[in-house]
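Colleague: Next comes the structure file model-v3.cif, holding mmCIF, C-alpha atoms.
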```
data_protein
loop_
_atom_site.label_atom_id
_atom_site.label_comp_id
_atom_site.auth_asym_id
_atom_site.auth_seq_id
_atom_site.Cartn_x
_atom_site.Cartn_y
_atom_site.Cartn_z
CA MET A 1 124.30 97.22 112.87
CA LEU A 2 126.86 96.70 110.13
CA ALA A 3 125.34 93.40 109.05
CA ARG A 4 121.91 95.05 108.64
CA THR A 5 123.19 97.18 105.80
CA THR A 6 123.68 94.06 103.66
CA LEU A 7 119.89 93.72 103.56
CA ARG A 8 119.62 96.96 101.59
CA PRO A 9 120.63 96.15 97.98
CA GLY A 10 120.55 99.78 96.90
CA ALA A 11 122.78 101.00 99.71
CA GLU A 12 126.55 101.09 99.77
CA VAL A 13 127.83 98.02 101.61
CA ASP A 14 131.43 98.14 102.75
CA GLU A 15 133.69 95.18 103.41
CA SER A 16 133.25 95.39 107.17
CA ALA A 17 129.47 94.94 106.78
CA VAL A 18 129.95 91.88 104.60
CA ALA A 19 132.44 90.51 107.09
CA SER A 20 129.98 91.09 109.92
CA MET A 21 127.23 89.21 108.12
CA ASN A 22 129.62 86.35 107.30
CA ALA A 23 130.58 86.16 110.95
CA LEU A 24 126.95 85.94 111.99
CA ARG A 25 126.27 83.24 109.41
CA ALA A 26 129.16 81.22 110.79
CA ARG A 27 127.60 81.33 114.27
CA VAL A 28 124.16 80.13 113.18
CA ASP A 29 123.48 76.46 113.77
CA ALA A 30 124.11 74.45 110.60
CA ARG A 31 120.82 72.64 111.06
CA ALA A 32 118.95 75.95 111.04
CA LEU A 33 120.69 77.06 107.85
CA ALA A 34 119.82 73.72 106.23
CA LYS A 35 116.17 74.21 107.21
CA ILE A 36 116.14 77.59 105.49
CA ARG A 37 117.95 76.27 102.42
CA ASP A 38 115.63 73.29 101.96
CA TYR A 39 112.33 74.89 102.98
CA ASP A 40 109.56 74.51 100.38
CA PRO A 41 106.61 76.81 101.17
CA GLY A 42 104.57 75.70 98.17
CA LEU A 43 104.95 79.07 96.47
CA PRO A 44 106.27 79.55 92.90
CA ALA A 45 109.80 78.15 92.91
CA GLY A 46 111.33 81.05 90.98
CA ASN A 47 109.86 83.55 93.44
CA VAL A 48 111.16 81.61 96.43
CA ASP A 49 114.64 81.39 94.92
CA ALA A 50 114.64 85.16 94.46
CA ILE A 51 113.91 85.87 98.14
CA ARG A 52 115.52 82.88 99.91
CA SER A 53 118.90 84.55 100.51
CA PHE A 54 117.22 87.70 101.85
CA ILE A 55 115.07 85.62 104.22
CA SER A 56 118.08 83.57 105.30
CA ASP A 57 120.09 86.68 106.20
CA SER A 58 117.10 88.26 107.97
CA LEU A 59 116.71 85.15 110.12
CA THR A 60 120.47 84.98 110.65
CA LEU A 61 120.25 88.40 112.26
CA ALA A 62 117.12 87.60 114.28
CA LEU A 63 117.70 84.07 115.59
CA PRO A 64 120.43 84.92 118.14
CA LEU A 65 118.18 87.66 119.58
CA THR A 66 114.93 85.75 119.96
CA ALA A 67 113.63 82.67 121.74
CA TYR A 68 111.71 81.64 118.62
CA SER A 69 113.05 78.71 116.63
CA VAL A 70 113.85 78.72 112.93
CA GLU A 71 110.89 76.36 112.39
CA THR A 72 108.57 78.90 114.01
CA LEU A 73 109.81 81.94 112.10
CA LEU A 74 110.59 80.51 108.67
CA GLY A 75 107.08 79.95 107.30
CA PRO A 76 105.42 83.21 108.46
CA VAL A 77 108.41 85.34 107.40
CA THR A 78 108.66 83.64 104.00
CA TYR A 79 104.99 84.16 103.18
CA PHE A 80 105.12 87.76 104.39
CA VAL A 81 108.21 88.62 102.33
CA HIS A 82 106.76 86.86 99.28
CA TRP A 83 103.56 88.91 99.59
CA ALA A 84 105.50 92.15 100.09
CA VAL A 85 107.71 91.57 97.04
CA PHE A 86 105.44 89.80 94.55
CA VAL A 87 102.01 91.21 95.47
CA VAL A 88 102.73 94.68 96.87
CA GLY A 89 105.77 95.18 94.63
CA CYS A 90 108.32 96.17 97.29
CA ASP A 91 112.02 96.20 96.52
CA LEU A 92 113.98 93.50 98.32
CA ASP A 93 115.06 96.00 100.96
CA ALA A 94 114.70 95.40 104.70
CA LEU A 95 113.84 99.05 105.39
CA ILE A 96 110.91 98.83 102.97
CA ILE A 97 109.65 95.31 103.63
CA PHE A 98 110.04 95.11 107.41
CA ASP A 99 108.06 98.28 107.98
CA ARG A 100 105.62 98.21 110.88
CA GLU A 101 102.72 99.51 108.79
CA LEU A 102 103.26 96.86 106.11
CA VAL A 103 103.45 94.11 108.74
CA GLU A 104 100.21 95.35 110.31
CA THR A 105 98.48 95.44 106.93
CA TYR A 106 99.56 91.87 106.19
CA VAL A 107 98.46 90.53 109.57
CA ARG A 108 95.13 92.35 109.65
CA GLU A 109 94.05 92.23 106.01
CA VAL A 110 95.92 89.46 104.16
CA LEU A 111 95.99 86.52 106.56
CA PRO A 112 92.88 84.32 106.16
CA PRO A 113 89.84 85.99 107.76
CA ASP A 114 88.85 82.78 109.58
CA LEU A 115 92.20 82.60 111.39
CA ALA A 116 91.74 82.45 115.17
CA PRO A 117 92.62 85.72 116.97
CA GLY A 118 95.36 83.98 118.97
CA THR A 119 96.95 82.56 115.83
CA ARG A 120 96.83 85.97 114.18
CA ARG A 121 98.59 87.49 117.20
CA ASN A 122 101.27 84.79 116.99
CA TYR A 123 101.91 85.51 113.31
CA ARG A 124 102.23 89.21 114.09
CA ALA A 125 104.66 88.49 116.95
CA TRP A 126 106.85 86.20 114.84
CA ILE A 127 107.15 88.57 111.87
CA THR A 128 107.49 91.63 114.10
CA ARG A 129 110.36 90.10 116.07
CA VAL A 130 112.38 89.71 112.87
CA ALA A 131 111.36 93.24 111.81
CA GLU A 132 112.53 94.66 115.15
CA VAL A 133 115.98 93.21 114.61
CA VAL A 134 116.53 94.03 110.93
CA ASN A 135 114.72 97.40 110.91
CA PRO A 136 114.54 98.67 114.51
CA ASN A 137 113.85 102.32 113.65
CA LYS A 138 110.54 101.42 111.98
CA ASN A 139 109.49 98.95 114.67
CA PRO A 140 109.22 100.43 118.16
CA ARG A 141 108.81 97.84 120.91
CA VAL A 142 105.22 98.89 121.65
CA PRO A 143 102.87 96.74 119.55
CA MET A 144 99.56 98.01 118.28
CA PRO A 145 96.53 96.37 119.90
CA LEU A 146 95.53 93.28 117.92
CA ASN A 147 92.15 92.33 119.30
CA GLU A 148 89.37 91.30 116.97
CA LYS A 149 86.98 93.31 119.13
CA SER A 150 89.05 96.50 119.01
CA MET A 151 87.53 99.37 117.09
CA GLU A 152 89.40 101.45 114.54
CA SER A 153 88.66 105.11 115.16
CA PRO A 154 87.17 107.04 112.22
CA TYR A 155 89.24 109.55 110.32
CA THR A 156 89.00 113.14 111.47
CA ASP A 157 87.97 115.88 109.04
CA ASP A 158 91.63 116.91 108.68
CA GLU A 159 92.63 113.32 107.96
CA VAL A 160 89.98 113.01 105.26
CA VAL A 161 91.45 116.13 103.64
CA ALA A 162 94.89 114.50 103.89
CA LEU A 163 93.52 111.38 102.18
CA ASP A 164 92.21 113.57 99.35
CA ARG A 165 95.71 115.01 98.99
CA TRP A 166 97.16 111.50 99.02
CA ALA A 167 94.83 110.47 96.18
CA ALA A 168 95.49 113.62 94.15
CA GLY A 169 99.25 113.25 94.59
CA GLN A 170 99.64 109.85 92.97
CA PRO A 171 102.04 109.86 89.99
CA THR A 172 99.68 108.47 87.31
CA PRO A 173 96.02 109.07 86.39
CA TYR A 174 95.22 105.39 86.99
CA ARG A 175 96.61 105.47 90.52
CA ARG A 176 94.91 108.80 91.23
CA GLN A 177 91.58 107.32 90.14
CA GLY A 178 92.22 104.17 92.18
CA ALA A 179 93.09 106.10 95.34
CA ALA A 180 90.09 108.42 94.97
CA MET A 181 87.76 105.45 94.40
CA LEU A 182 89.14 103.64 97.44
CA VAL A 183 88.31 106.63 99.65
CA ALA A 184 84.91 107.14 97.99
CA LEU A 185 83.79 103.51 98.32
CA GLY A 186 85.07 103.26 101.89
CA ALA A 187 84.19 106.60 103.45
CA GLY A 188 81.36 107.35 101.02
CA ALA A 189 79.60 103.97 100.90
CA GLY A 190 80.89 102.04 103.90
CA LEU A 191 82.13 99.08 101.88
CA SER A 192 84.59 96.50 103.21
CA SER A 193 87.82 95.60 101.40
CA ILE A 194 86.38 92.59 99.59
CA GLU A 195 83.25 94.54 98.64
CA ILE A 196 85.35 97.37 97.19
CA VAL A 197 87.34 94.84 95.19
CA GLN A 198 84.24 93.16 93.76
CA VAL A 199 82.07 96.17 92.81
CA THR A 200 81.45 96.15 89.04
CA ARG A 201 79.93 98.65 86.63
CA ASP A 202 76.73 96.60 86.43
CA SER A 203 76.24 96.89 90.18
CA VAL A 204 76.22 100.72 90.17
CA THR A 205 73.22 102.81 89.12
CA LEU A 206 73.37 106.54 88.35
CA ARG A 207 69.99 108.14 88.83
CA ASP A 208 68.83 111.21 86.94
CA ASN A 209 68.83 113.27 90.16
CA GLY A 210 72.54 112.55 90.74
CA ILE A 211 72.10 109.80 93.31
CA VAL A 212 74.65 106.96 93.02
CA GLU A 213 73.34 103.57 94.14
CA ILE A 214 75.49 100.46 94.66
CA ASN A 215 74.07 96.96 94.78
CA VAL A 216 76.42 95.05 97.07
CA VAL A 217 76.52 91.33 96.44
CA GLY A 218 78.17 89.36 99.24
CA LYS A 219 79.02 85.68 99.15
CA GLY A 220 76.63 83.89 101.49
CA LYS A 221 74.94 87.18 102.43
CA PRO A 222 71.79 88.84 101.10
CA ASP A 223 72.28 91.60 98.55
CA ARG A 224 71.95 95.10 99.89
CA ARG A 225 71.60 98.58 98.48
CA VAL A 226 73.90 101.46 99.48
CA ILE A 227 73.53 105.11 98.50
CA VAL A 228 76.87 106.89 98.11
CA SER A 229 77.26 110.03 100.22
CA ALA A 230 76.75 113.21 98.19
CA GLN A 231 80.35 114.27 98.92
CA PHE A 232 81.65 111.32 96.88
CA GLU A 233 79.01 111.01 94.15
CA ALA A 234 81.06 112.81 91.50
CA VAL A 235 84.13 110.65 92.17
CA VAL A 236 82.19 107.46 91.55
CA ALA A 237 80.20 108.84 88.61
CA ASP A 238 83.37 110.06 86.85
CA GLN A 239 85.03 106.67 87.26
CA LEU A 240 82.10 104.92 85.57
CA GLU A 241 82.66 106.71 82.28
CA GLY A 242 83.89 104.22 79.73
CA LEU A 243 83.23 101.18 81.94
CA THR A 244 80.74 98.55 80.87
CA GLY A 245 79.33 95.25 82.08
CA ASP A 246 81.36 93.37 84.64
CA ALA A 247 84.37 95.74 84.58
CA PHE A 248 85.66 96.46 88.07
CA VAL A 249 85.02 99.98 89.36
CA PHE A 250 88.12 99.99 91.60
CA LEU A 251 91.27 99.44 89.48
CA PRO A 252 89.41 98.28 86.34
CA ARG A 253 92.55 96.99 84.57
CA ARG A 254 93.11 94.18 87.05
CA ALA A 255 92.05 90.55 86.72
CA ARG A 256 92.37 89.55 90.41
CA SER A 257 89.51 89.92 92.89
CA GLU A 258 91.09 88.61 96.11
CA ASN A 259 90.86 90.43 99.42
CA ASP A 260 94.50 91.61 99.31
CA VAL A 261 94.02 93.75 96.18
CA VAL A 262 93.40 96.84 98.33
CA SER A 263 96.43 96.36 100.58
CA ALA A 264 98.63 95.62 97.57
CA PHE A 265 97.47 98.83 95.88
CA VAL A 266 98.02 100.93 99.00
CA GLY A 267 101.49 99.44 99.40
CA ARG A 268 102.44 100.64 95.90
CA THR A 269 101.15 104.18 96.33
CA THR A 270 103.16 107.28 97.12
CA ARG A 271 102.57 108.32 100.73
CA PRO A 272 104.25 111.60 101.71
CA PRO A 273 105.04 112.37 105.36
CA GLY A 274 101.88 113.17 107.30
CA THR A 275 99.65 110.85 105.29
CA PRO A 276 97.40 108.95 107.73
CA HIS A 277 97.50 105.15 107.79
CA ILE A 278 95.20 104.04 104.97
CA ASN A 279 92.85 101.44 106.36
CA VAL A 280 89.51 100.33 104.89
CA ARG A 281 88.04 99.65 108.34
CA LYS A 282 88.77 103.25 109.31
CA LEU A 283 87.14 104.43 106.07
CA ARG A 284 84.07 102.30 106.77
CA ASN A 285 83.89 103.53 110.37
CA THR A 286 84.14 107.10 109.09
CA TRP A 287 81.08 106.37 106.96
CA PHE A 288 79.25 104.95 109.97
CA VAL A 289 79.94 107.99 112.12
CA THR A 290 78.97 110.36 109.28
CA GLN A 291 75.61 108.59 108.97
CA MET A 292 75.04 108.83 112.73
CA VAL A 293 75.91 112.53 112.70
CA ASN A 294 73.36 112.90 109.89
CA ARG A 295 70.81 111.13 112.13
CA VAL A 296 70.19 108.19 109.82
CA ASP A 297 67.83 105.87 111.68
CA VAL A 298 69.35 102.69 113.10
CA LEU A 299 67.45 100.19 110.95
CA THR A 300 68.31 102.03 107.73
CA LEU A 301 71.97 102.16 108.76
CA MET A 302 72.06 98.47 109.66
CA GLU A 303 70.44 97.55 106.36
CA ALA A 304 72.85 99.67 104.30
CA ALA A 305 75.87 98.33 106.20
CA GLY A 306 74.78 94.69 106.06
CA LEU A 307 74.80 94.37 109.86
CA GLN A 308 72.86 91.79 111.84
CA SER A 309 73.41 93.42 115.24
CA LEU A 310 73.91 96.83 116.81
CA GLU A 311 77.36 96.00 118.24
CA SER A 312 79.45 97.98 115.75
CA ILE A 313 77.09 100.95 115.82
CA SER A 314 77.03 101.09 119.61
CA ARG A 315 80.81 100.96 119.84
CA LEU A 316 81.20 103.76 117.29
CA ALA A 317 78.64 105.99 118.99
CA ARG A 318 81.36 107.43 121.24
CA PHE A 319 82.88 109.13 118.17
CA VAL A 320 79.67 111.02 117.39
CA PRO A 321 79.76 114.60 118.75
CA ARG A 322 77.15 115.09 121.47
CA PRO A 323 74.56 117.81 120.89
CA SER A 324 74.08 120.54 123.43
CA GLY A 325 71.88 119.94 126.46
CA ASP A 326 69.07 122.01 124.97
CA ASP A 327 69.26 120.07 121.70
CA ARG A 328 69.17 116.75 123.55
CA ASP A 329 66.10 117.89 125.43
CA ALA A 330 64.49 118.98 122.16
CA GLN A 331 65.29 115.63 120.54
CA LEU A 332 63.68 113.76 123.41
CA ARG A 333 60.60 116.00 123.15
CA GLY A 334 60.43 115.38 119.42
CA VAL A 335 60.66 119.06 118.47
CA LEU A 336 64.14 119.21 116.93
#
```
Give the structure from this file in structure tokens form.
Modeller:
Amino acid sequence: MLARTTLRPGAEVDESAVASMNALRARVDARALAKIRDYDPGLPAGNVDAIRSFISDSLTLALPLTAYSVETLLGPVTYFVHWAVFVVGCDLDALIIFDRELVETYVREVLPPDLAPGTRRNYRAWITRVAEVVNPNKNPRVPMPLNEKSMESPYTDDEVVALDRWAAGQPTPYRRQGAAMLVALGAGAGLSSIEIVQVTRDSVTLRDNGIVEINVVGKGKPDRRVIVSAQFEAVVADQLEGLTGDAFVFLPRRARSENDVVSAFVGRTTRPPGTPHINVRKLRNTWFVTQMVNRVDVLTLMEAAGLQSLESISRLARFVPRPSGDDRDAQLRGVL
């Protein structure tokens, strides 16, 4: 417990904590320490130098309490910490970096999408084991399900209101606009993370009657047209003011268009207690359920969502409130 406090640069670290960490270092196999010292992950050398000591001490704490080897943990932990510090912008603080929500975001949204489910679970287990040791209060020993076929539940009405508060509470106009656009493009248009990142001004059409239309261009997929839900039309329309050509609609000042732009942005935002976990799949599923509640026909919904099968729709149907018995009868008769 004392040694953990040395992984918090902003906290007061007394001599007993330093002594505890030194004692742990002395007990770690010299070969393991050499592996950490000499490891070259192929990332920018200056960045690696800045985080190497932090990673070394994190593994020093974790290795005696896990069956995993230093070779197993070193690569996944290094890439995760590098992403957290140099992409998300986290301070080099174990209580911030080794946070369960940040680990889940990295595993689910940043690791390559073609990674096998078993490999993804292994990465999560390796990083989480270190997180459990260095930041136990933020990492309960009950892992979230990590199954590619699991379904993120949609946000409730109260959670959508909380997301609006989250967006409105950001400290700068640019972040407020970014947060509002993230919710609008996810819950209001059903876009995925990479689609949100790649939407440009040229791909959005504002019609005279107020309808907002997005032309979604997917790599290797046919283009599709999505109409933004009326609830979010004004958010998107307001953001378009002053944008031209190929300017990005979400975070227009950026130059990057990789899939992790969304998770990096969310990681930098202010999230007061009670803010729901911000997840693009949940936003997209909220859009799906809203369309089903509004009785959008299946083929129209599949076309707008870019789906080739009914699997996602059928699995989300359980979140759609059932009508009364009389209304179901009327639907089947064709009189409702």
Colleague: Extract, using only C-alpha atoms, all DNA, RNA and protein residues at most 10 Å from Ser69 in chain A, discarding same-chain residues fewer than 6 positions from it, and format them as a count of residues only.
Modeller: 4
Colleague: Assuming the chain letters and numbering stay as they are in my file, what does the PyMOL selection byres ((chain A and resi 88-103) around 8) actually select? List them as a ChimeraX atom specification.
Modeller: /A:7-10,51,54,80-81,83-87,104-107,124,127-128,131,134-135,138-139,263-265,267-268,277
Colleague: For the atom pair CA of Leu206 in chain A and CA of Ile313 in chain A, what is the interatomic distance in Å to one decimal place?
Modeller: 28.3 Å
Colleague: Residues at most 9 Å from range 175-184 of chain A, counting all atoms listed in the file, excluding those fewer than 5 positions away in the same chain, as a PyMOL selection string?
Modeller: chain A and resi 160+163-164+166-170+189-190+196+228-229+231-233+235-236+239+249-252+262+265-266+269+280+283
Colleague: Exactly which residues make up the result of the PyMOL selection byres ((chain A and resi 72) around 12) on this file, given as a list in words?
Modeller: Ala32, Lys35, Ile36, Leu59, Leu63, Thr66, Ala67, Tyr68, Ser69, Val70, Glu71, Leu73, Leu74, Gly75, Pro76, Val77, Thr78, Asn122, Tyr123, Ala125, Trp126, Ile127, Arg129 and Val130 of chain A
Colleague: What does the structure give for the distance between CA of Ile211 in chain A and CA of Val226 in chain A, in Å to one decimal?
Modeller: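 About the pair CA of Ile211 in chain A and CA of Val226 in chain A: they are 10.5 Å apart.
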Colleague: So which one's closest to Pro323 in chain A, A:Val293, A:Leu43, A:Ser309, A:Val335? Using all atoms listed in the file, please.
Modeller: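 Distance minimum relative to Pro323 in chain A lands on A:Val293.
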Colleague: Find the residue from A:Ser203, A:Asn47, A:Gln308, A:Ser20 that sits nearest to Leu243 in chain A; use all atoms listed in the file when measuring.
Modeller: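 Answer, going by the shortest atom-to-atom distance: A:Ser203.
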Colleague: Which of these, A:Val204, A:Thr60, A:Arg27, A:Ala317, has the shortest distance to Asp246 in chain A once you count only C-alpha atoms?
Modeller: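 Of all the options, A:Val204 lies closest to Asp246 in chain A.
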Colleague: Just so the selection is clear, what residues does the PyMOL selection byres ((chain A and resi 193) around 9) cover here, as a ChimeraX atom specification?
Modeller: /A:109,186,191-192,194-198,259-263,280-281
Colleague: One decimal, Å: what's the distance from CA of Arg121 in chain A over to CA of Arg108 in chain A, could you say?
Modeller: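 A separation of 9.6 Å between them.
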Colleague: Please work out which residues fall within 9 Å of (120.9, 81.7, 101.5), coordinates as given in the file, with all atoms listed in the file counting, and return them as a PyMOL selection string.
Modeller: chain A and resi 33+36-37+51-57
Colleague: Provide an axis-aligned box for all listed atoms of range 153-168 of chain A, padding each side by 4 Å; report its centre and its edge lengths in Å to one decimal, as lines of an AutoDock Vina configuration file.
Modeller:
```
center_x = 92.2
center_y = 111.0
center_z = 104.7
size_x = 18.0
size_y = 19.8
size_z = 29.0
```
